[in-house]
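K.L.:
This is the content of model_9.pdb (PDB, C-alpha atoms, pLDDT in the B column):
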MODEL        1
ATOM      1  CA  MET U   1      61.166-122.929 -75.780  1.00 64.00           C
ATOM      2  CA  THR U   2      59.492-121.679 -78.907  1.00 75.00           C
ATOM      3  CA  LYS U   3      56.290-119.685 -78.919  1.00 77.00           C
ATOM      4  CA  GLU U   4      54.511-122.606 -80.604  1.00 81.00           C
ATOM      5  CA  GLN U   5      55.647-125.053 -77.893  1.00 79.00           C
ATOM      6  CA  MET U   6      54.378-122.722 -75.177  1.00 81.00           C
ATOM      7  CA  ILE U   7      51.018-122.203 -76.881  1.00 84.00           C
ATOM      8  CA  SER U   8      50.664-125.937 -77.415  1.00 86.00           C
ATOM      9  CA  ALA U   9      51.412-126.722 -73.745  1.00 86.00           C
ATOM     10  CA  TYR U  10      49.039-123.972 -72.636  1.00 88.00           C
ATOM     11  CA  ASP U  11      46.230-125.289 -74.839  1.00 91.00           C
ATOM     12  CA  ARG U  12      46.722-128.882 -73.660  1.00 91.00           C
ATOM     13  CA  HIS U  13      47.045-128.184 -69.952  1.00 92.00           C
ATOM     14  CA  PHE U  14      45.180-124.954 -69.209  1.00 93.00           C
ATOM     15  CA  GLU U  15      42.027-126.693 -67.940  1.00 91.00           C
ATOM     16  CA  THR U  16      43.998-128.986 -65.641  1.00 92.00           C
ATOM     17  CA  VAL U  17      46.031-126.138 -64.155  1.00 93.00           C
ATOM     18  CA  TRP U  18      42.897-124.035 -63.730  1.00 93.00           C
ATOM     19  CA  ARG U  19      41.109-126.859 -61.855  1.00 90.00           C
ATOM     20  CA  VAL U  20      44.107-127.376 -59.559  1.00 90.00           C
ATOM     21  CA  CYS U  21      44.225-123.672 -58.706  1.00 90.00           C
ATOM     22  CA  PHE U  22      40.460-123.391 -58.317  1.00 89.00           C
ATOM     23  CA  THR U  23      40.411-126.331 -55.890  1.00 85.00           C
ATOM     24  CA  GLU U  24      43.455-125.141 -53.931  1.00 85.00           C
ATOM     25  CA  LEU U  25      41.989-121.644 -53.534  1.00 84.00           C
ATOM     26  CA  GLY U  26      38.537-122.774 -52.468  1.00 80.00           C
ATOM     27  CA  GLY U  27      36.718-121.369 -55.485  1.00 80.00           C
ATOM     28  CA  ASN U  28      38.202-117.862 -55.638  1.00 81.00           C
ATOM     29  CA  ARG U  29      38.158-117.144 -59.384  1.00 85.00           C
ATOM     30  CA  GLU U  30      40.325-113.988 -59.351  1.00 86.00           C
ATOM     31  CA  ASP U  31      43.138-115.653 -57.412  1.00 88.00           C
ATOM     32  CA  THR U  32      42.743-118.755 -59.591  1.00 89.00           C
ATOM     33  CA  GLU U  33      43.379-116.699 -62.725  1.00 91.00           C
ATOM     34  CA  ASP U  34      46.444-115.068 -61.138  1.00 90.00           C
ATOM     35  CA  CYS U  35      47.897-118.413 -60.086  1.00 92.00           C
ATOM     36  CA  VAL U  36      47.267-119.995 -63.485  1.00 93.00           C
ATOM     37  CA  SER U  37      49.144-117.132 -65.122  1.00 91.00           C
ATOM     38  CA  GLU U  38      52.007-117.429 -62.632  1.00 91.00           C
ATOM     39  CA  THR U  39      52.196-121.204 -63.201  1.00 92.00           C
ATOM     40  CA  PHE U  40      52.557-120.826 -66.965  1.00 91.00           C
ATOM     41  CA  LEU U  41      55.047-117.989 -66.508  1.00 88.00           C
ATOM     42  CA  ARG U  42      57.176-120.299 -64.375  1.00 88.00           C
ATOM     43  CA  TYR U  43      56.774-122.977 -67.036  1.00 89.00           C
ATOM     44  CA  CYS U  44      58.171-120.609 -69.668  1.00 85.00           C
ATOM     45  CA  LYS U  45      61.151-119.783 -67.475  1.00 82.00           C
ATOM     46  CA  SER U  46      61.869-123.378 -66.435  1.00 81.00           C
ATOM     47  CA  PHE U  47      61.461-125.263 -69.705  1.00 73.00           C
ATOM     48  CA  ASN U  48      63.707-123.231 -71.945  1.00 62.00           C
ATOM     49  CA  GLY U  49      64.223-125.448 -74.954  1.00 57.00           C
ATOM     50  CA  GLN U  50      63.827-128.776 -73.177  1.00 59.00           C
ATOM     51  CA  ALA U  51      61.754-131.385 -74.953  1.00 56.00           C
ATOM     52  CA  ASP U  52      60.095-133.371 -72.182  1.00 65.00           C
ATOM     53  CA  ASN U  53      57.264-135.795 -72.592  1.00 79.00           C
ATOM     54  CA  ASP U  54      53.736-134.532 -72.096  1.00 81.00           C
ATOM     55  CA  ALA U  55      53.104-136.549 -68.916  1.00 83.00           C
ATOM     56  CA  HIS U  56      56.154-134.967 -67.283  1.00 83.00           C
ATOM     57  CA  ILE U  57      55.038-131.485 -68.301  1.00 86.00           C
ATOM     58  CA  LYS U  58      51.520-132.094 -66.975  1.00 88.00           C
ATOM     59  CA  GLY U  59      52.836-133.385 -63.651  1.00 87.00           C
ATOM     60  CA  TRP U  60      55.255-130.483 -63.351  1.00 88.00           C
ATOM     61  CA  LEU U  61      52.458-127.995 -64.043  1.00 91.00           C
ATOM     62  CA  ILE U  62      50.156-129.588 -61.443  1.00 90.00           C
ATOM     63  CA  VAL U  63      52.762-129.545 -58.686  1.00 90.00           C
ATOM     64  CA  THR U  64      53.862-126.018 -59.613  1.00 91.00           C
ATOM     65  CA  ALA U  65      50.248-124.796 -59.633  1.00 92.00           C
ATOM     66  CA  GLN U  66      49.726-126.249 -56.156  1.00 90.00           C
ATOM     67  CA  ASN U  67      52.888-124.553 -54.919  1.00 89.00           C
ATOM     68  CA  VAL U  68      51.935-121.197 -56.454  1.00 90.00           C
ATOM     69  CA  CYS U  69      48.510-121.364 -54.784  1.00 87.00           C
ATOM     70  CA  ARG U  70      49.942-122.340 -51.427  1.00 84.00           C
ATOM     71  CA  SER U  71      52.441-119.488 -51.600  1.00 84.00           C
ATOM     72  CA  LEU U  72      49.576-117.096 -52.231  1.00 83.00           C
ATOM     73  CA  LEU U  73      47.619-118.506 -49.304  1.00 80.00           C
ATOM     74  CA  ARG U  74      50.603-118.187 -46.972  1.00 74.00           C
ATOM     75  CA  ARG U  75      51.037-114.485 -47.543  1.00 67.00           C
ATOM     76  CA  ALA U  76      50.344-112.374 -44.511  1.00 40.00           C
ATOM     77  CA  TYR U  77      47.346-110.521 -45.914  1.00 47.00           C
ATOM     78  CA  ARG U  78      45.574-113.825 -46.573  1.00 43.00           C
ATOM     79  CA  LYS U  79      46.176-115.471 -43.178  1.00 48.00           C
ATOM     80  CA  ASP U  80      43.097-114.019 -41.515  1.00 47.00           C
ATOM     81  CA  LYS U  81      40.768-114.527 -44.449  1.00 46.00           C
ATOM     82  CA  ARG U  82      38.454-117.497 -43.981  1.00 43.00           C
ATOM     83  CA  LEU U  83      37.327-119.749 -46.814  1.00 44.00           C
ATOM     84  CA  GLU U  84      33.706-118.775 -46.236  1.00 44.00           C
ATOM     85  CA  GLU U  85      34.590-115.199 -47.220  1.00 47.00           C
ATOM     86  CA  SER U  86      35.967-116.294 -50.597  1.00 45.00           C
ATOM     87  CA  PRO U  87      33.564-115.793 -53.468  1.00 46.00           C
ATOM     88  CA  ALA U  88      32.703-119.274 -54.679  1.00 44.00           C
ATOM     89  CA  VAL U  89      30.570-118.443 -57.669  1.00 44.00           C
ATOM     90  CA  ILE U  90      30.178-121.845 -59.288  1.00 42.00           C
ATOM     91  CA  SER U  91      27.087-121.959 -61.450  1.00 41.00           C
ATOM     92  CA  GLU U  92      26.251-125.650 -61.813  1.00 41.00           C
ATOM     93  CA  GLU U  93      28.766-126.774 -59.195  1.00 49.00           C
ATOM     94  CA  ASP U  94      27.407-124.577 -56.409  1.00 50.00           C
ATOM     95  CA  GLU U  95      26.311-127.631 -54.443  1.00 51.00           C
ATOM     96  CA  CYS U  96      29.963-128.771 -54.431  1.00 66.00           C
ATOM     97  CA  LYS U  97      31.139-125.659 -52.565  1.00 70.00           C
ATOM     98  CA  GLU U  98      31.111-127.535 -49.269  1.00 74.00           C
ATOM     99  CA  LEU U  99      33.289-130.288 -50.731  1.00 77.00           C
ATOM    100  CA  PHE U 100      35.772-127.772 -52.201  1.00 77.00           C
ATOM    101  CA  GLU U 101      35.987-126.053 -48.817  1.00 77.00           C
ATOM    102  CA  ALA U 102      36.512-129.364 -47.056  1.00 81.00           C
ATOM    103  CA  ILE U 103      39.282-130.353 -49.461  1.00 83.00           C
ATOM    104  CA  ALA U 104      40.943-126.947 -49.099  1.00 81.00           C
ATOM    105  CA  MET U 105      41.010-127.409 -45.310  1.00 84.00           C
ATOM    106  CA  LEU U 106      42.870-130.727 -45.456  1.00 87.00           C
ATOM    107  CA  PRO U 107      46.549-130.830 -44.513  1.00 90.00           C
ATOM    108  CA  GLU U 108      48.758-130.109 -47.520  1.00 87.00           C
ATOM    109  CA  ASN U 109      49.887-133.699 -48.220  1.00 89.00           C
ATOM    110  CA  GLU U 110      46.381-135.121 -47.933  1.00 91.00           C
ATOM    111  CA  ARG U 111      44.943-132.375 -50.146  1.00 88.00           C
ATOM    112  CA  SER U 112      47.579-132.969 -52.827  1.00 87.00           C
ATOM    113  CA  ALA U 113      46.999-136.713 -52.811  1.00 90.00           C
ATOM    114  CA  ILE U 114      43.189-136.312 -52.958  1.00 88.00           C
ATOM    115  CA  ASP U 115      43.431-133.769 -55.808  1.00 85.00           C
ATOM    116  CA  LEU U 116      45.805-135.853 -57.898  1.00 86.00           C
ATOM    117  CA  TYR U 117      44.002-139.144 -57.298  1.00 86.00           C
ATOM    118  CA  TYR U 118      40.350-138.136 -57.630  1.00 83.00           C
ATOM    119  CA  PHE U 119      40.390-135.037 -59.820  1.00 80.00           C
ATOM    120  CA  PHE U 120      43.243-135.915 -62.162  1.00 80.00           C
ATOM    121  CA  GLY U 121      43.197-139.698 -62.180  1.00 82.00           C
ATOM    122  CA  TYR U 122      46.783-140.343 -61.156  1.00 85.00           C
ATOM    123  CA  SER U 123      47.590-143.688 -59.539  1.00 88.00           C
ATOM    124  CA  GLY U 124      49.237-143.973 -56.143  1.00 89.00           C
ATOM    125  CA  GLU U 125      52.507-144.856 -57.842  1.00 89.00           C
ATOM    126  CA  GLU U 126      52.343-141.784 -60.105  1.00 87.00           C
ATOM    127  CA  ILE U 127      51.463-139.506 -57.181  1.00 89.00           C
ATOM    128  CA  ALA U 128      54.412-140.893 -55.236  1.00 89.00           C
ATOM    129  CA  GLY U 129      56.676-139.897 -58.118  1.00 87.00           C
ATOM    130  CA  LEU U 130      55.161-136.429 -58.426  1.00 85.00           C
ATOM    131  CA  LEU U 131      55.319-135.685 -54.702  1.00 86.00           C
ATOM    132  CA  ASP U 132      58.618-137.471 -54.074  1.00 87.00           C
ATOM    133  CA  ALA U 133      57.077-139.827 -51.516  1.00 90.00           C
ATOM    134  CA  LYS U 134      56.720-143.560 -51.013  1.00 93.00           C
ATOM    135  CA  ARG U 135      53.658-145.233 -52.490  1.00 91.00           C
ATOM    136  CA  ALA U 136      52.535-146.473 -49.060  1.00 93.00           C
ATOM    137  CA  THR U 137      52.761-142.912 -47.735  1.00 94.00           C
ATOM    138  CA  VAL U 138      50.536-141.681 -50.561  1.00 93.00           C
ATOM    139  CA  TYR U 139      47.921-144.308 -49.733  1.00 93.00           C
ATOM    140  CA  SER U 140      48.084-143.266 -46.067  1.00 94.00           C
ATOM    141  CA  TRP U 141      47.490-139.639 -47.093  1.00 93.00           C
ATOM    142  CA  LEU U 142      44.535-140.719 -49.223  1.00 93.00           C
ATOM    143  CA  ASP U 143      43.054-142.784 -46.399  1.00 93.00           C
ATOM    144  CA  ARG U 144      43.461-140.010 -43.815  1.00 94.00           C
ATOM    145  CA  GLY U 145      42.163-137.422 -46.277  1.00 92.00           C
ATOM    146  CA  ARG U 146      39.017-139.443 -46.953  1.00 91.00           C
ATOM    147  CA  LYS U 147      38.437-139.845 -43.211  1.00 91.00           C
ATOM    148  CA  HIS U 148      38.909-136.118 -42.606  1.00 90.00           C
ATOM    149  CA  LEU U 149      36.533-135.275 -45.450  1.00 87.00           C
ATOM    150  CA  GLU U 150      33.939-137.701 -44.122  1.00 85.00           C
ATOM    151  CA  GLU U 151      34.154-136.181 -40.629  1.00 86.00           C
ATOM    152  CA  PHE U 152      33.950-132.646 -41.966  1.00 82.00           C
ATOM    153  CA  LEU U 153      30.977-133.344 -44.205  1.00 78.00           C
ATOM    154  CA  LYS U 154      29.114-135.281 -41.487  1.00 80.00           C
ATOM    155  CA  GLN U 155      29.444-132.235 -39.256  1.00 80.00           C
ATOM    156  CA  GLY U 156      27.786-130.115 -41.931  1.00 69.00           C
ATOM    157  CA  GLY U 157      30.958-128.450 -43.147  1.00 57.00           C
ATOM    158  CA  GLY U 158      32.031-127.402 -39.700  1.00 50.00           C
ATOM    159  CA  ARG U 159      29.085-125.035 -39.264  1.00 46.00           C
TER
ENDMDL
END
Please go through the file and, once you have read it, give me the structure as structure tokens.
P.N.:
Amino acid sequence: MTKEQMISAYDRHFETVWRVCFTELGGNREDTEDCVSETFLRYCKSFNGQADNDAHIKGWLIVTAQNVCRSLLRRAYRKDKRLEESPAVISEEDECKELFEAIAMLPENERSAIDLYYFFGYSGEEIAGLLDAKRATVYSWLDRGRKHLEEFLKQGGGR
């Protein structure tokens, strides 16, 4: 991969990768920046000279960003940290903190499906391809995720 190809991919997909990481990490900006960097580092290592289409690159970056974030969250020093302790400094989106927390608390498959469908506009068919699942399974994840979010938000965010 040339330097120009990397810069071009970074410019086109930075915002998307940042939003994925920000959502996955419940609004923690420092960890978001670390995971974005790690995602693009993995991109550089994985796409050495390959000329893939832009949709494939975007999908690969989204799934990789989710995996990088989840790896970070699984580490032992993070297990005891609750989402409420994460700094969620979102200027105009502060009222959405509860929604971000609710999404972050969903089971992994439901969270991925919700993120890809609502935040990134992928269809059920496209999500199935990205997550290596059947289309019907993706729609089940979306349905269960919406129900879990509704329950969580009706309860006032679990407070």
K.L.:
U:Cys44, U:Tyr122, U:Glu33, U:His56: which is nearest Ile7 (chain U), counting all atoms listed in the file?
P.N.:
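The answer is U:Cys44, which sits nearest to Ile7 (chain U).
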K.L.:
List, as a CSV table (one decimal) with C-alpha atoms, in the coordinates of the input, every residue that the PyMOL selection byres ((chain U and resi 141) around 9) selects in the file provided.
P.N.:
chain,number,residue,atom,x,y,z
U,109,ASN,CA,49.9,-133.7,-48.2
U,110,GLU,CA,46.4,-135.1,-47.9
U,111,ARG,CA,44.9,-132.4,-50.1
U,112,SER,CA,47.6,-133.0,-52.8
U,113,ALA,CA,47.0,-136.7,-52.8
U,114,ILE,CA,43.2,-136.3,-53.0
U,136,ALA,CA,52.5,-146.5,-49.1
U,137,THR,CA,52.8,-142.9,-47.7
U,138,VAL,CA,50.5,-141.7,-50.6
U,139,TYR,CA,47.9,-144.3,-49.7
U,140,SER,CA,48.1,-143.3,-46.1
U,142,LEU,CA,44.5,-140.7,-49.2
U,143,ASP,CA,43.1,-142.8,-46.4
U,144,ARG,CA,43.5,-140.0,-43.8
U,145,GLY,CA,42.2,-137.4,-46.3
U,146,ARG,CA,39.0,-139.4,-47.0
K.L.:
Find the distance between CA of Phe22 (chain U) and CA of Lys134 (chain U) and write it in Å to one decimal.
P.N.:
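These two atoms are separated by 26.9 Å.
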K.L.:
By how many Å are CA of Glu98 (chain U) and CA of Tyr118 (chain U) apart?
P.N.:
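The value is 16.4 Å.
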K.L.:
If the PyMOL selection byres ((chain U and resi 130) around 12) is run on the structure shown, which residues does it catch, given as a PyMOL selection string?
P.N.:
chain U and resi 55-64+66+109+112-113+116-117+122-129+131-135+138
K.L.:
On this structure, which residues satisfy the PyMOL selection byres ((chain U and resi 70) around 12), written as an NGL selection string?
P.N.:
:U and (20-26 or 31-32 or 35 or 63-69 or 71-75 or 78-79 or 104-105 or 107-109 or 111-112)
K.L.:
Distance CA of Arg42 (chain U)-CA of Phe119 (chain U), one decimal place?
P.N.:
22.8 Å
K.L.:
Considering all atoms listed in the file, state which residue in the set U:Ala9, U:Arg29, U:Phe14, U:Leu106 is at the smallest distance from Asn53 (chain U).
P.N.:
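Distance minimum relative to Asn53 (chain U) lands on U:Ala9.
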K.L.:
Given the choices U:Lys147, U:Ser46, U:Asp54, U:Glu30, which gets closest to His13 (chain U) if the distance is worked out from all atoms listed in the file?
P.N.:
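Ranking U:Lys147, U:Ser46, U:Asp54, U:Glu30 by distance to His13 (chain U), first place goes to U:Asp54.
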